[in-house]
Structures are given as structure tokens and as C-alpha cells.
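So this block is query-v7.pdb, PDB, C-alpha atoms:
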ATOM      1  CA  GLN A   6       6.479   6.773  24.589
ATOM      2  CA  ASN A   7       7.376   3.402  26.085
ATOM      3  CA  THR A   8       9.982   3.266  28.837
ATOM      4  CA  ALA A   9      11.464  -0.038  30.036
ATOM      5  CA  VAL A  10      12.016  -0.219  33.811
ATOM      6  CA  SER A  11      13.196  -3.516  35.311
ATOM      7  CA  LYS A  12      11.606  -5.607  32.561
ATOM      8  CA  HIS A  13       8.329  -3.686  32.969
ATOM      9  CA  ARG A  14       6.760  -1.635  30.268
ATOM     10  CA  PHE A  15       4.545   1.399  30.686
ATOM     11  CA  THR A  16       2.249   1.798  27.696
ATOM     12  CA  PHE A  17       0.349   4.948  26.981
ATOM     13  CA  GLN A  18      -2.649   4.200  24.797
ATOM     14  CA  ILE A  19      -4.933   6.674  23.114
ATOM     15  CA  CYS A  20      -8.231   5.956  21.435
ATOM     16  CA  VAL A  21     -10.950   8.127  19.930
ATOM     17  CA  SER A  22     -14.547   7.286  20.804
ATOM     18  CA  ASN A  23     -16.919   6.846  17.859
ATOM     19  CA  GLN A  24     -19.882   8.120  19.858
ATOM     20  CA  ASP A  25     -18.880  11.443  21.313
ATOM     21  CA  SER A  26     -15.553  12.039  19.450
ATOM     22  CA  LYS A  27     -13.958  13.000  22.741
ATOM     23  CA  LEU A  28     -10.302  12.224  23.263
ATOM     24  CA  SER A  29      -9.747   9.770  26.071
ATOM     25  CA  THR A  30      -6.558   8.305  27.404
ATOM     26  CA  MET A  31      -5.784   5.114  29.178
ATOM     27  CA  ALA A  32      -2.570   4.081  30.883
ATOM     28  CA  THR A  33      -1.826   0.446  31.494
ATOM     29  CA  TRP A  34       0.960  -0.902  33.675
ATOM     30  CA  ALA A  35       1.898  -4.497  32.780
ATOM     31  CA  SER A  36       4.693  -6.774  33.883
ATOM     32  CA  THR A  37       4.529  -8.590  30.552
ATOM     33  CA  PRO A  38       3.235  -7.735  27.078
ATOM     34  CA  GLN A  39       0.607 -10.470  27.449
ATOM     35  CA  GLN A  40      -1.054  -8.667  30.347
ATOM     36  CA  VAL A  41      -1.618  -5.627  28.180
ATOM     37  CA  SER A  42      -3.103  -7.844  25.483
ATOM     38  CA  ASN A  43      -5.307  -9.588  28.047
ATOM     39  CA  SER A  44      -6.737  -6.289  29.268
ATOM     40  CA  ARG A  45      -8.550  -5.981  25.986
ATOM     41  CA  PHE A  46      -9.825  -9.526  26.064
ATOM     42  CA  GLU A  47     -11.363  -9.056  29.501
ATOM     43  CA  SER A  48     -12.566  -5.478  29.273
ATOM     44  CA  ALA A  49     -16.190  -5.009  30.254
ATOM     45  CA  ASP A  50     -16.595  -2.623  27.314
ATOM     46  CA  ASN A  51     -15.249  -5.221  24.896
ATOM     47  CA  PRO A  52     -17.259  -8.439  25.221
ATOM     48  CA  PRO A  53     -15.924 -11.459  23.298
ATOM     49  CA  TRP A  54     -18.475 -11.100  20.524
ATOM     50  CA  ALA A  55     -17.429  -7.501  19.842
ATOM     51  CA  HIS A  56     -13.903  -8.249  18.629
ATOM     52  CA  ASP A  57     -14.737  -7.733  15.002
ATOM     53  CA  ASN A  58     -16.682  -4.505  15.182
ATOM     54  CA  ASP A  59     -15.689  -1.465  13.199
ATOM     55  CA  GLY A  60     -14.928   0.631  16.259
ATOM     56  CA  PRO A  61     -11.581   2.197  17.137
ATOM     57  CA  GLU A  62      -8.618  -0.146  17.402
ATOM     58  CA  ILE A  63      -6.509   0.389  20.525
ATOM     59  CA  ILE A  64      -2.922  -0.195  19.573
ATOM     60  CA  SER A  65       0.023  -0.634  21.897
ATOM     61  CA  GLU A  66       3.383   0.080  20.368
ATOM     62  CA  GLY A  67       5.492  -3.064  20.303
ATOM     63  CA  PHE A  68       2.547  -5.421  20.856
ATOM     64  CA  GLU A  69       0.246  -7.244  18.468
ATOM     65  CA  THR A  70      -3.240  -5.871  18.043
ATOM     66  CA  GLN A  71      -6.164  -8.181  18.614
ATOM     67  CA  SER A  72      -6.711  -8.547  14.867
ATOM     68  CA  GLN A  73      -3.051  -9.473  14.394
ATOM     69  CA  THR A  74      -3.347 -12.118  17.099
ATOM     70  CA  GLU A  75      -6.448 -13.583  15.454
ATOM     71  CA  GLU A  76      -4.715 -13.415  12.072
ATOM     72  CA  SER A  77      -2.108 -15.878  13.332
ATOM     73  CA  LEU A  78      -4.868 -18.432  13.958
ATOM     74  CA  THR A  79      -5.498 -18.612  10.236
ATOM     75  CA  GLN A  80      -1.890 -19.512   9.443
ATOM     76  CA  PRO A  81      -1.625 -23.217  10.304
ATOM     77  CA  LEU A  82       1.576 -23.413   8.353
ATOM     78  CA  GLY A  83       3.062 -20.179   9.738
ATOM     79  CA  GLN A  84       6.577 -20.100  11.085
ATOM     80  CA  ASN A  85       8.454 -17.788  13.408
ATOM     81  CA  LYS A  86       7.336 -14.230  13.058
ATOM     82  CA  SER A  87       9.611 -11.412  12.113
ATOM     83  CA  SER A  88      10.296  -8.778  14.708
ATOM     84  CA  LYS A  89       9.170  -6.227  12.146
ATOM     85  CA  PRO A  90       5.534  -5.421  11.409
ATOM     86  CA  ALA A  91       3.864  -7.743   8.922
ATOM     87  CA  ALA A  92       3.837  -6.646   5.305
ATOM     88  CA  ALA A  93       0.642  -5.241   3.827
ATOM     89  CA  GLY A  94       0.200  -8.375   1.726
ATOM     90  CA  PRO A  95       2.023 -11.484   0.605
ATOM     91  CA  ALA A  96       4.902 -11.074  -1.824
ATOM     92  CA  PHE A  97       4.413 -11.704  -5.523
ATOM     93  CA  GLY A  98       5.693 -15.264  -5.267
ATOM     94  CA  GLN A  99       3.325 -16.004  -2.405
ATOM     95  CA  LYS A 100       0.397 -14.609  -4.384
ATOM     96  CA  VAL A 101       1.277 -16.922  -7.243
ATOM     97  CA  ALA A 102       1.472 -19.839  -4.797
ATOM     98  CA  LEU A 103      -1.920 -18.885  -3.351
ATOM     99  CA  TYR A 104      -3.570 -18.879  -6.784
ATOM    100  CA  LEU A 105      -1.803 -22.117  -7.704
ATOM    101  CA  SER A 106      -3.114 -23.840  -4.565
ATOM    102  CA  HIS A 107      -6.685 -23.014  -5.607
ATOM    103  CA  VAL A 108      -6.061 -24.239  -9.157
ATOM    104  CA  LEU A 109      -4.519 -27.469  -7.858
ATOM    105  CA  ALA A 110      -7.511 -27.952  -5.561
ATOM    106  CA  ILE A 111      -9.782 -27.990  -8.621
ATOM    107  CA  VAL A 112      -7.403 -30.337 -10.459
ATOM    108  CA  ALA A 113      -7.260 -32.703  -7.459
ATOM    109  CA  LEU A 114     -11.054 -32.825  -7.230
ATOM    110  CA  GLY A 115     -11.292 -33.649 -10.935
ATOM    111  CA  MET A 116      -8.611 -36.341 -10.707
ATOM    112  CA  VAL A 117     -10.066 -38.117  -7.679
ATOM    113  CA  SER A 118     -13.496 -38.044  -9.344
ATOM    114  CA  ALA A 119     -11.998 -39.693 -12.443
ATOM    115  CA  LEU A 120     -10.126 -42.179 -10.253
ATOM    116  CA  VAL A 121     -13.172 -43.495  -8.382
ATOM    117  CA  ASN A 122     -15.047 -43.855 -11.686
ATOM    118  CA  ASP A 123     -12.285 -45.881 -13.350
ATOM    119  CA  GLN A 124     -12.923 -49.564 -14.039
ATOM    120  CA  GLY A 125      -9.812 -50.421 -12.060
ATOM    121  CA  MET A 126     -11.523 -49.145  -8.905
ATOM    122  CA  GLY A 127     -13.927 -52.033  -8.358
ATOM    123  CA  GLY A 128     -15.693 -51.483 -11.654
ATOM    124  CA  GLY A 129     -15.869 -47.750 -11.116
ATOM    125  CA  GLY A 130     -18.582 -45.555  -9.671
ATOM    126  CA  LEU A 131     -20.130 -45.005  -6.251
ATOM    127  CA  SER A 132     -22.712 -46.937  -4.335
ATOM    128  CA  TRP A 133     -24.072 -47.310  -0.807
ATOM    129  CA  GLU A 134     -25.769 -50.660  -1.420
ATOM    130  CA  GLU A 135     -24.904 -53.875   0.379
ATOM    131  CA  GLY A 136     -23.085 -56.316  -1.884
ATOM    132  CA  GLN A 137     -21.201 -53.550  -3.716
ATOM    133  CA  SER A 138     -18.409 -53.055  -1.191
ATOM    134  CA  LYS A 139     -15.832 -51.925  -3.765
ATOM    135  CA  LYS A 140     -18.060 -49.101  -4.949
ATOM    136  CA  VAL A 141     -18.977 -48.240  -1.376
ATOM    137  CA  PHE A 142     -15.243 -48.015  -0.632
ATOM    138  CA  ASN A 143     -14.827 -45.480  -3.452
ATOM    139  CA  TRP A 144     -16.549 -42.918  -1.245
ATOM    140  CA  HIS A 145     -13.498 -43.099   1.043
ATOM    141  CA  PRO A 146     -10.820 -41.619  -1.283
ATOM    142  CA  LEU A 147     -13.310 -39.126  -2.712
ATOM    143  CA  MET A 148     -14.348 -37.780   0.693
ATOM    144  CA  MET A 149     -10.832 -37.722   2.143
ATOM    145  CA  VAL A 150      -9.360 -35.797  -0.794
ATOM    146  CA  LEU A 151     -12.318 -33.403  -0.667
ATOM    147  CA  ALA A 152     -11.690 -32.922   3.066
ATOM    148  CA  PHE A 153      -8.054 -32.039   2.343
ATOM    149  CA  ILE A 154      -9.139 -29.535  -0.313
ATOM    150  CA  LEU A 155     -11.497 -27.884   2.182
ATOM    151  CA  MET A 156      -8.694 -27.769   4.771
ATOM    152  CA  THR A 157      -6.551 -25.961   2.204
ATOM    153  CA  LEU A 158      -9.287 -23.424   1.452
ATOM    154  CA  ALA A 159      -9.778 -22.835   5.183
ATOM    155  CA  SER A 160      -6.059 -22.249   5.667
ATOM    156  CA  LEU A 161      -5.936 -19.713   2.829
ATOM    157  CA  ALA A 162      -9.168 -17.929   3.784
ATOM    158  CA  PHE A 163      -7.474 -14.833   5.223
ATOM    159  CA  ARG A 164      -4.963 -14.561   2.370
ATOM    160  CA  ASN A 165      -7.492 -14.835  -0.443
ATOM    161  CA  PRO A 166      -7.595 -11.477  -2.303
ATOM    162  CA  PHE A 167     -11.014 -12.321  -3.762
ATOM    163  CA  SER A 168     -12.700 -12.793  -0.391
ATOM    164  CA  CYS A 169     -14.773 -10.065   1.245
ATOM    165  CA  SER A 170     -13.092  -7.415   3.374
ATOM    166  CA  ASP A 171     -15.286  -8.059   6.429
ATOM    167  CA  ARG A 172     -13.123  -9.944   8.889
ATOM    168  CA  TRP A 173     -16.017 -11.586  10.703
ATOM    169  CA  LYS A 174     -17.271 -13.039   7.419
ATOM    170  CA  LYS A 175     -13.780 -14.359   6.714
ATOM    171  CA  LYS A 176     -13.742 -16.051  10.103
ATOM    172  CA  MET A 177     -17.150 -17.578   9.427
ATOM    173  CA  TYR A 178     -15.901 -18.868   6.060
ATOM    174  CA  HIS A 179     -12.778 -20.271   7.734
ATOM    175  CA  GLY A 180     -14.870 -22.110  10.316
ATOM    176  CA  LEU A 181     -17.368 -23.346   7.736
ATOM    177  CA  MET A 182     -14.615 -24.944   5.651
ATOM    178  CA  TRP A 183     -13.351 -26.828   8.710
ATOM    179  CA  VAL A 184     -16.877 -28.035   9.534
ATOM    180  CA  LEU A 185     -17.367 -29.282   5.978
ATOM    181  CA  ALA A 186     -13.948 -30.973   6.045
ATOM    182  CA  ALA A 187     -14.854 -32.755   9.272
ATOM    183  CA  THR A 188     -18.149 -33.888   7.725
ATOM    184  CA  CYS A 189     -16.355 -35.312   4.678
ATOM    185  CA  MET A 190     -13.940 -37.172   6.939
ATOM    186  CA  MET A 191     -16.781 -38.779   8.849
ATOM    187  CA  VAL A 192     -18.509 -39.908   5.631
ATOM    188  CA  GLY A 193     -15.197 -41.289   4.355
ATOM    189  CA  MET A 194     -14.622 -43.244   7.574
ATOM    190  CA  ILE A 195     -18.145 -44.664   7.580
ATOM    191  CA  ALA A 196     -17.703 -45.749   3.955
ATOM    192  CA  VAL A 197     -14.515 -47.724   4.562
ATOM    193  CA  VAL A 198     -15.936 -49.435   7.661
ATOM    194  CA  LYS A 199     -19.145 -50.309   5.787
ATOM    195  CA  SER A 200     -17.224 -51.719   2.813
ATOM    196  CA  HIS A 201     -15.015 -53.878   5.045
ATOM    197  CA  ASN A 202     -17.977 -55.326   6.952
ATOM    198  CA  ASP A 203     -20.253 -56.253   4.072
ATOM    199  CA  ALA A 204     -21.659 -59.755   4.653
ATOM    200  CA  VAL A 205     -22.631 -60.157   0.978
ATOM    201  CA  SER A 206     -19.324 -59.037  -0.558
ATOM    202  CA  GLY A 207     -17.219 -60.658   2.147
ATOM    203  CA  TYR A 208     -15.541 -59.373   5.275
ATOM    204  CA  ILE A 209     -12.204 -57.544   5.204
ATOM    205  CA  ALA A 210      -9.962 -56.862   8.197
ATOM    206  CA  ASN A 211      -9.907 -53.342   9.647
ATOM    207  CA  LEU A 212      -6.973 -51.310  10.974
ATOM    208  CA  TYR A 213      -4.260 -53.652   9.719
ATOM    209  CA  SER A 214      -2.271 -51.117   7.641
ATOM    210  CA  LEU A 215       0.001 -48.196   8.469
ATOM    211  CA  HIS A 216      -2.371 -45.994   6.463
ATOM    212  CA  SER A 217      -5.237 -46.810   8.823
ATOM    213  CA  TRP A 218      -3.165 -46.287  11.964
ATOM    214  CA  ILE A 219      -1.867 -42.888  10.833
ATOM    215  CA  GLY A 220      -5.362 -42.003   9.653
ATOM    216  CA  ILE A 221      -6.867 -42.632  13.092
ATOM    217  CA  ALA A 222      -4.135 -40.496  14.677
ATOM    218  CA  VAL A 223      -4.840 -37.638  12.237
ATOM    219  CA  LEU A 224      -8.588 -37.792  12.897
ATOM    220  CA  SER A 225      -7.958 -37.694  16.644
ATOM    221  CA  LEU A 226      -5.688 -34.649  16.365
ATOM    222  CA  TYR A 227      -8.155 -32.985  14.013
ATOM    223  CA  SER A 228     -10.958 -33.477  16.548
ATOM    224  CA  ILE A 229      -8.850 -31.932  19.331
ATOM    225  CA  GLN A 230      -7.885 -28.997  17.117
ATOM    226  CA  PHE A 231     -11.465 -28.441  15.974
ATOM    227  CA  VAL A 232     -12.999 -28.516  19.448
ATOM    228  CA  GLY A 233     -10.231 -26.299  20.842
ATOM    229  CA  GLY A 234     -10.582 -23.776  18.038
ATOM    230  CA  VAL A 235     -14.346 -23.496  18.398
ATOM    231  CA  THR A 236     -14.158 -23.305  22.194
ATOM    232  CA  PHE A 237     -11.339 -20.823  22.721
ATOM    233  CA  PHE A 238     -11.329 -18.777  19.512
ATOM    234  CA  GLY A 239     -14.865 -19.177  18.196
ATOM    235  CA  PHE A 240     -16.923 -18.738  21.369
ATOM    236  CA  GLN A 241     -14.051 -16.975  23.200
ATOM    237  CA  ILE A 242     -14.441 -19.193  26.271
ATOM    238  CA  GLY A 243     -11.758 -18.766  28.941
ATOM    239  CA  THR A 244      -9.590 -15.917  30.122
ATOM    240  CA  GLY A 245      -7.281 -14.020  27.826
ATOM    241  CA  SER A 246      -4.202 -15.631  29.354
ATOM    242  CA  LEU A 247      -5.650 -19.123  28.847
ATOM    243  CA  ARG A 248      -6.519 -18.394  25.215
ATOM    244  CA  ALA A 249      -3.032 -17.021  24.673
ATOM    245  CA  ARG A 250      -1.537 -20.295  25.922
ATOM    246  CA  MET A 251      -3.927 -22.308  23.782
ATOM    247  CA  LEU A 252      -2.943 -20.198  20.783
ATOM    248  CA  SER A 253       0.583 -21.613  20.840
ATOM    249  CA  LEU A 254      -0.777 -25.172  20.860
ATOM    250  CA  HIS A 255      -3.262 -24.303  18.119
ATOM    251  CA  GLN A 256      -0.482 -22.928  15.927
ATOM    252  CA  PHE A 257       1.659 -26.016  16.529
ATOM    253  CA  LEU A 258      -1.056 -28.573  15.756
ATOM    254  CA  GLY A 259      -2.204 -26.795  12.585
ATOM    255  CA  PRO A 260       0.763 -27.647  10.337
ATOM    256  CA  VAL A 261       1.173 -31.065  11.979
ATOM    257  CA  ILE A 262      -2.400 -32.046  11.065
ATOM    258  CA  TYR A 263      -2.185 -30.547   7.583
ATOM    259  CA  PHE A 264       0.966 -32.397   6.534
ATOM    260  CA  ALA A 265      -0.092 -35.563   8.367
ATOM    261  CA  MET A 266      -3.227 -35.477   6.215
ATOM    262  CA  VAL A 267      -1.036 -35.319   3.105
ATOM    263  CA  MET A 268       1.018 -38.276   4.338
ATOM    264  CA  THR A 269      -2.133 -40.284   5.085
ATOM    265  CA  ILE A 270      -3.581 -39.670   1.613
ATOM    266  CA  LEU A 271      -0.322 -40.726  -0.059
ATOM    267  CA  LEU A 272      -0.153 -43.866   2.077
ATOM    268  CA  GLY A 273      -3.745 -44.675   1.139
ATOM    269  CA  LEU A 274      -3.057 -44.262  -2.581
ATOM    270  CA  GLN A 275      -0.005 -46.506  -2.304
ATOM    271  CA  GLU A 276      -1.985 -49.172  -0.442
ATOM    272  CA  LYS A 277      -4.778 -49.170  -3.026
ATOM    273  CA  GLU A 278      -2.267 -49.385  -5.878
ATOM    274  CA  GLY A 279      -0.840 -52.489  -4.230
ATOM    275  CA  PHE A 280      -4.262 -54.167  -4.419
ATOM    276  CA  ILE A 281      -4.765 -53.086  -8.043
ATOM    277  CA  GLY A 282      -1.304 -54.181  -9.183
ATOM    278  CA  CYS A 283       0.659 -51.424 -10.882
ATOM    279  CA  SER A 284       3.722 -53.358 -11.987
ATOM    280  CA  TYR A 285       4.573 -54.587 -15.504
ATOM    281  CA  THR A 286       6.358 -57.701 -16.681
ATOM    282  CA  VAL A 287      10.069 -57.577 -17.609
ATOM    283  CA  THR A 288      12.330 -60.307 -18.963
ATOM    284  CA  GLU A 289      15.638 -58.493 -18.454
ATOM    285  CA  ALA A 290      17.176 -55.763 -16.311
ATOM    286  CA  ASP A 291      14.816 -52.783 -16.327
ATOM    287  CA  LEU A 292      17.431 -50.048 -16.846
ATOM    288  CA  ARG A 293      15.113 -47.800 -18.856
ATOM    289  CA  PRO A 294      11.843 -47.875 -16.923
ATOM    290  CA  TYR A 295      10.564 -44.752 -18.689
ATOM    291  CA  GLN A 296      10.185 -46.889 -21.830
ATOM    292  CA  HIS A 297       7.537 -48.928 -20.007
ATOM    293  CA  PHE A 298       5.507 -45.949 -18.857
ATOM    294  CA  ASN A 299       2.496 -46.905 -20.955
ATOM    295  CA  GLU A 300       2.585 -50.435 -19.546
ATOM    296  CA  ILE A 301       1.671 -49.094 -16.118
ATOM    297  CA  PRO A 302      -2.119 -49.453 -15.794
ATOM    298  CA  TYR A 303      -3.964 -46.210 -16.483
ATOM    299  CA  VAL A 304      -5.670 -46.242 -13.078
ATOM    300  CA  CYS A 305      -2.228 -46.407 -11.447
ATOM    301  CA  ARG A 306      -0.892 -43.516 -13.509
ATOM    302  CA  LEU A 307      -3.977 -41.521 -12.547
ATOM    303  CA  SER A 308      -3.395 -42.390  -8.892
ATOM    304  CA  HIS A 309       0.275 -41.386  -9.165
ATOM    305  CA  GLY A 310      -0.737 -38.063 -10.700
ATOM    306  CA  LEU A 311      -3.259 -37.392  -7.945
ATOM    307  CA  GLY A 312      -0.597 -38.021  -5.319
ATOM    308  CA  ILE A 313       1.781 -35.579  -7.018
ATOM    309  CA  VAL A 314      -0.954 -32.921  -7.214
ATOM    310  CA  ILE A 315      -1.764 -33.369  -3.507
ATOM    311  CA  PHE A 316       1.913 -33.094  -2.575
ATOM    312  CA  THR A 317       2.405 -30.000  -4.757
ATOM    313  CA  MET A 318      -0.709 -28.338  -3.341
ATOM    314  CA  ALA A 319       0.683 -28.792   0.162
ATOM    315  CA  LEU A 320       3.949 -27.142  -0.891
ATOM    316  CA  THR A 321       2.284 -24.156  -2.560
ATOM    317  CA  THR A 322      -0.029 -23.673   0.428
ATOM    318  CA  ALA A 323       2.901 -23.798   2.834
ATOM    319  CA  TYR A 324       4.766 -21.230   0.733
ATOM    320  CA  ALA A 325       1.727 -18.949   0.492
ATOM    321  CA  LEU A 326       1.326 -18.905   4.300
ATOM    322  CA  TYR A 327       4.976 -18.715   5.312
ATOM    323  CA  ASN A 328       5.946 -15.520   7.181
ATOM    324  CA  PHE A 329       9.146 -14.493   5.465
ATOM    325  CA  PRO A 330      11.276 -11.897   7.308
ATOM    326  CA  GLU A 331      11.306  -8.502   5.651
ATOM    327  CA  ASP A 332      14.393  -7.246   3.866
ATOM    328  CA  GLU A 333      16.550  -4.762   5.695
TER     329      GLU A 333
END

Structure translated into C-alpha cells:
Amino acid sequence: QNTAVSKHRFTFQICVSNQDSKLSTMATWASTPQQVSNSRFESADNPPWAHDNDGPEIISEGFETQSQTEESLTQPLGQNKSSKPAAAGPAFGQKVALYLSHVLAIVALGMVSALVNDQGMGGGGLSWEEGQSKKVFNWHPLMMVLAFILMTLASLAFRNPFSCSDRWKKKMYHGLMWVLAATCMMVGMIAVVKSHNDAVSGYIANLYSLHSWIGIAVLSLYSIQFVGGVTFFGFQIGTGSLRARMLSLHQFLGPVIYFAMVMTILLGLQEKEGFIGCSYTVTEADLRPYQHFNEIPYVCRLSHGLGIVIFTMALTTAYALYNFPEDE
């Protein structure tokens, strides 16, 4: 039983050893809940690489377990936690949102593939040859949308009911998706720089648009988040108290980067549509624009649709990961 004395908490913890089945007890005196949590991080019997074993879980009443703390790392869109224990699984609506995010990811991949192969996109298709800068550029939207899809899959890794039950494998999958997303981003950046500096096709200015400025900021934040995640939560480098402080920053940057990525993609689509020319000719007040829908170039309508799918996928992912307070 926990007894509060002058903002201190005395926690009596009991665990059963897997090896000799003997009952052992451990009493921990901590001035803050974090100190109790840190004792497990820094225990000589619990090295960093042993967090995900199948041994006994030491639980302190009123505190998060280690697995619950790590669970929060996989919720980049998570909000304030409820004071009550987390539910066994997401609510029905959140399950629907989770499935819908995966479906929209497939739809987005199909739409961006169709977009870069449209004649309106520099003749359509992909290339890495000098003198075909427009086709080289097409790698940029393809890779950036694919990176966003992989970010979504990484965010939903721990909520996916079809994934394996082994937590360590889930963490490996989560990390792998982020590595692949980072790789796609790098290919996309190289493609746009190469296409803008093609001596045969003609040179194009770099970093002149808001899309490019926001994009550089997102890539910088992504790099910081990636390195920090691998360092503090992948290799478990640093003390428990340091990792606890970094956790708050990690949880803050997650949703910022995710939604900034959405904003950057939408800005990029809008910029490209400006080059293509998506308007139609009118000779009088355009009070019924829906009547001219078919006059909008097909490539522009496809681009509009991709933007809407990306925006909707962000909403469903945010809903699937939101920590709703439990009903009374």
C-alpha cells in the first residue's frame, strides 16, 4: 500500500523470479515517481537490451510500467494522457480509423504513381538521365509521398492488430519504417537538386519557394528526431532521467514533424499545379464553378485528389492514435 508523506511516496514492489520461483520483495523510497521508474532503467540486473524480455514485470501502483513508457514513444500524435489506466485496445471508431489509414496509404501510393506517369508531368515517367530533368524531377513527389506513407505505418505500428505480439519485433518494424522513410526523403531531395542543375535541360533556381523552405525545416527536424530516437530509445544511451527528459521532447516533435510533412506535400502539389496551369477560360462571372469541373486538366484533378487523400490520411491517423479519456 502506498502512503504519501510530505510529497514522498513509499512503494512496495513484489516480483516473482522465473528461475527459482522464490518470492522476493523490494522496497524503494523515491522523492518523485521518476526516480522509481529510473531504478529499473539503471538496475544492474536489467541491462538496456533486456527491456523486452519475457521475464516478470515489476509494477509500481500509480506509475507507468516500462512497457507503457515505451508505448508512448510510438504515439507521435498522442495527446495528454488520462489519469486512468489505458484501455485494452482502441475504441471501435479508432480501429476503423486505423484500417482506413492503411487503405488510404495504398490509395495514395497508387495516385502518386499515376500522377508521375501522366503526360502533364513532363511527358510522364521516371528517369535519371541527364537532359530529362522533368522526368528526373518526378522522383521527388513519388519518394516524398512514399516517405509520408512509411511515416504513417511507423506511427501505427503498435496499434496494428495484424502485427505480431512480440514487442521487440514491433519496435524493430517501427524503426525500420523510419529508416526507409529517411532513405526515400534523401532520394527525393537528390532528384530535385539534380533536375534543377541539369546543364542539358537548363538550370532552375533552388530554394526560392515556400515549399522548399518548409521542406528543409522538416528534414532538419526529422534528422534530429531520428538521431535522438535511435540514441536514447534504440540503443538506450544515457541515464534514465536523461531519457525521461528526452521523451517529452520526442513526443512533442513527433506530431509537429508529421503534420509539417503533410503541409509540405500540399505546398509542393500546389506549386507544381501552378507550373502546369490548372485554370480554365471564362467569359463571364464564374458563379457555378462546378459546371467547369471537367475543364480542369486531368493531371490537376489527380493532383487535387492526391492532396485530399494525404490530408484525410493524416486525420484518420491522428484519430487512431489519440488517447481519449475513459468514460466515468

**Q.** CA of Val101 in chain A to CA of Ala319 in chain A, straight-line distance in Å
**A.** 14.0 Å

(Q) Give me, as a VMD selection string, all polymer residues having an atom no more than 9 Å from range 279-285 of chain A, counting only C-alpha atoms and skipping those fewer than 5 positions away in the same chain. (A) chain A and resid 125 to 126 274 297 300 to 306

Can you write just those residues out, C-alpha atoms, as a PDB file, in the frame of the given file?
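The resulting file, again_33.pdb, is shown below:
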ATOM      1  CA  GLY A 125      -9.812 -50.421 -12.060  1.00  0.00           C
ATOM      2  CA  MET A 126     -11.523 -49.145  -8.905  1.00  0.00           C
ATOM      3  CA  LEU A 274      -3.057 -44.262  -2.581  1.00  0.00           C
ATOM      4  CA  HIS A 297       7.537 -48.928 -20.007  1.00  0.00           C
ATOM      5  CA  GLU A 300       2.585 -50.435 -19.546  1.00  0.00           C
ATOM      6  CA  ILE A 301       1.671 -49.094 -16.118  1.00  0.00           C
ATOM      7  CA  PRO A 302      -2.119 -49.453 -15.794  1.00  0.00           C
ATOM      8  CA  TYR A 303      -3.964 -46.210 -16.483  1.00  0.00           C
ATOM      9  CA  VAL A 304      -5.670 -46.242 -13.078  1.00  0.00           C
ATOM     10  CA  CYS A 305      -2.228 -46.407 -11.447  1.00  0.00           C
ATOM     11  CA  ARG A 306      -0.892 -43.516 -13.509  1.00  0.00           C
TER      12      ARG A 306
END

Q. Which of these residues is nearest to Lys199 in chain A, using all atoms listed in the file: A:Val223, A:Leu212, A:Leu151, A:Phe142?
A.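 Checking each of A:Val223, A:Leu212, A:Leu151, A:Phe142 against Lys199 in chain A, counting all atoms listed in the file, the winner is A:Phe142.
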
Considering all atoms listed in the file, give me a table of residues in range 201-258 of chain A that are at most 12 Å from range 167-186 of chain A, with the closest atom pair and distance in Å for each, as JSON lines.
{"residue": "A:Leu224", "atom": "CA", "partner": "A:Ala186", "partner_atom": "CA", "distance": 11.1}
{"residue": "A:Tyr227", "atom": "CA", "partner": "A:Trp183", "partner_atom": "CA", "distance": 9.6}
{"residue": "A:Ser228", "atom": "CA", "partner": "A:Trp183", "partner_atom": "CA", "distance": 10.6}
{"residue": "A:Gln230", "atom": "CA", "partner": "A:Trp183", "partner_atom": "CA", "distance": 10.3}
{"residue": "A:Phe231", "atom": "CA", "partner": "A:Trp183", "partner_atom": "CA", "distance": 7.7}
{"residue": "A:Val232", "atom": "CA", "partner": "A:Val184", "partner_atom": "CA", "distance": 10.7}
{"residue": "A:Gly234", "atom": "CA", "partner": "A:Gly180", "partner_atom": "CA", "distance": 9.0}
{"residue": "A:Val235", "atom": "CA", "partner": "A:Gly180", "partner_atom": "CA", "distance": 8.2}
{"residue": "A:Thr236", "atom": "CA", "partner": "A:Gly180", "partner_atom": "CA", "distance": 12.0}
{"residue": "A:Phe238", "atom": "CA", "partner": "A:Lys176", "partner_atom": "CA", "distance": 10.1}
{"residue": "A:Gly239", "atom": "CA", "partner": "A:Gly180", "partner_atom": "CA", "distance": 8.4}
{"residue": "A:Phe240", "atom": "CA", "partner": "A:Gly180", "partner_atom": "CA", "distance": 11.7}

Q.
Calculated over all atoms listed in the file, which of the candidates A:Glu331, A:Thr321, A:Ile195, A:Leu158 has the smallest distance to Gly98 in chain A?
A.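 Checking each candidate against Gly98 in chain A, we get A:Thr321 as the closest.
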
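Straight-line separation from CA of His255 in chain A to CA of Tyr324 in chain A: 19.4 Å.
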
Q) How many Å lie between CA of Arg250 in chain A and CA of Ala265 in chain A, rounded to one decimal? A)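 Computing it gives 23.3 Å between the two atoms.
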